[in-house]
Amino acid sequence: MTLISLPQLKAQFTPPFELPSIVFVAGGRTPGPSWLRELCREKDVWAVDRGLDPCMAAGIRPSFFIGDNDSVSEEARQWSREGKIPSLLYSPEKYLTDLQLALKEAGRTCRGPNGRRGCTAILTGAFGGRFDHLFANLYSLIWAEEEWGMKVRCVADGSEALFILKGGERLRLSGLEKGGIFSTLALSEKCLGIRMTGTRWTISEGNLYLRKPFAVSNVAETTVEVGLSSGWLGIYWATREYAEREQKGRS
């Protein structure tokens, strides 16, 4: 199995794949500095445009900075120049998003243990902000794996985490805070043969469909295990504190 350790939980994938060697820090909601430092320990860090700012705040020197440089603070730009951080900058008038450019570049330049193109990464700084950005970021990860060989199966910060599971795989989540929110989301037209344990409610008949997203706001009662036969499935988890705060904000 492959174990991805986040500061707040552990995720085990089977069958195994290469351990994440890169952390992409994007420009969405800023992860806490201590959480980010723990996540990035012993990994290459790629700052994706405004993701340079939380890297600077946490005292993390990225191994690479990529993007159109349109939302980065002047302080972070200066920090990058003084630190001579390797950079690849684009015009804001471009076809791909900053994250898509990072995924494509990593797929082009990284090589896994077997010598094949691409490697495995974790994405943070992707939650919060505009819905269209989050939507594009999520589906860009599937696109990147299928086209550029970049595998990103974990999107996380200290409040939320989203794991991506492909047909034939299984995920085991341990260390979950009791009372946290747990949802399963079809990311392809059909997700068939879903098997799930450790949650308050199961999925009727083991199938989910993109246009029938009913399996939200479940509760993880113990270690959770999820598998499926075919499709792309999103497994979302949020802390109880975050869920309660969001609920109060809507009331």
# chains A, B, ... in the order shown; residues from 1 in each chain; ligands from 1
>>> select_by_dssp(residues="stretch 29-173 of chain A", states="strand (DSSP E or B)", output="ChimeraX atom specification")
/A:44-48,64-67,87-89,111,117-118,120-124,151-156,160-166,170-173
>>> residues_around(residues="A:Gln12", least_positions_apart="6", cutoff="10 Å", atoms="only C-alpha atoms", output="list in words")
Met1, Thr2, Leu3, Ile4, Ser5, Arg170, Leu171, Arg172, Leu173, Ser174 and Glu225 of chain A
>>> atom_distance(atom1="atom CA of A:Glu18", atom2="atom CA of A:Thr120")
6.3 Å
>>> residues_around(residues="A:Arg195", least_positions_apart="2", cutoff="10 Å", atoms="only C-alpha atoms", output="PDB file with C-alpha atoms, in the first residue's frame")
ATOM      1  CA  ARG A 170      -9.137   1.120  -2.407  1.00  0.00           C
ATOM      2  CA  LEU A 192     -19.847   1.533 -10.001  1.00  0.00           C
ATOM      3  CA  GLY A 193     -19.246  -1.169  -7.418  1.00  0.00           C
ATOM      4  CA  THR A 197     -17.261   0.844   5.618  1.00  0.00           C
ATOM      5  CA  THR A 202     -23.669   3.369   3.053  1.00  0.00           C
ATOM      6  CA  ILE A 203     -24.315   3.992  -0.640  1.00  0.00           C
ATOM      7  CA  GLU A 205     -26.642  -0.449  -4.499  1.00  0.00           C
ATOM      8  CA  GLY A 206     -22.999   0.631  -4.493  1.00  0.00           C
ATOM      9  CA  ASN A 207     -23.293   3.109  -7.374  1.00  0.00           C
ATOM     10  CA  GLU A 225     -12.476   2.203   3.816  1.00  0.00           C
ATOM     11  CA  VAL A 226     -13.709   2.943   0.296  1.00  0.00           C
ATOM     12  CA  GLY A 227     -13.216   1.070  -2.951  1.00  0.00           C
ATOM     13  CA  LEU A 228     -14.890   0.941  -6.356  1.00  0.00           C
ATOM     14  CA  SER A 229     -14.870  -1.172  -9.496  1.00  0.00           C
TER      15      SER A 229
END
>>> residues_around(residues="A:Trp148", least_positions_apart="3", cutoff="10 Å", atoms="only C-alpha atoms", output="MDAnalysis selection string")
chainID A and resid 103:108 117:119 141:145 151
>>> write_last_selection(atoms="C-alpha atoms", output="compact mmCIF listing (two decimals), in the first residue's frame")
# COMPACT_ATOMS: atom_id res chain seq x y z
CA LEU A 103 1.14 19.95 -13.63
CA LYS A 104 2.23 19.85 -17.25
CA GLU A 105 5.77 21.05 -16.45
CA ALA A 106 6.13 18.53 -13.62
CA GLY A 107 4.88 15.77 -15.89
CA ARG A 108 7.45 16.79 -18.50
CA ARG A 117 7.34 10.42 -17.26
CA GLY A 118 5.68 12.11 -14.30
CA CYS A 119 5.62 11.50 -10.58
CA LEU A 141 -5.81 16.56 -11.62
CA ILE A 142 -7.56 13.77 -13.54
CA TRP A 143 -6.54 15.40 -16.83
CA ALA A 144 -2.93 15.64 -15.66
CA GLU A 145 -2.77 11.97 -14.71
CA LYS A 151 -0.59 11.72 -10.24
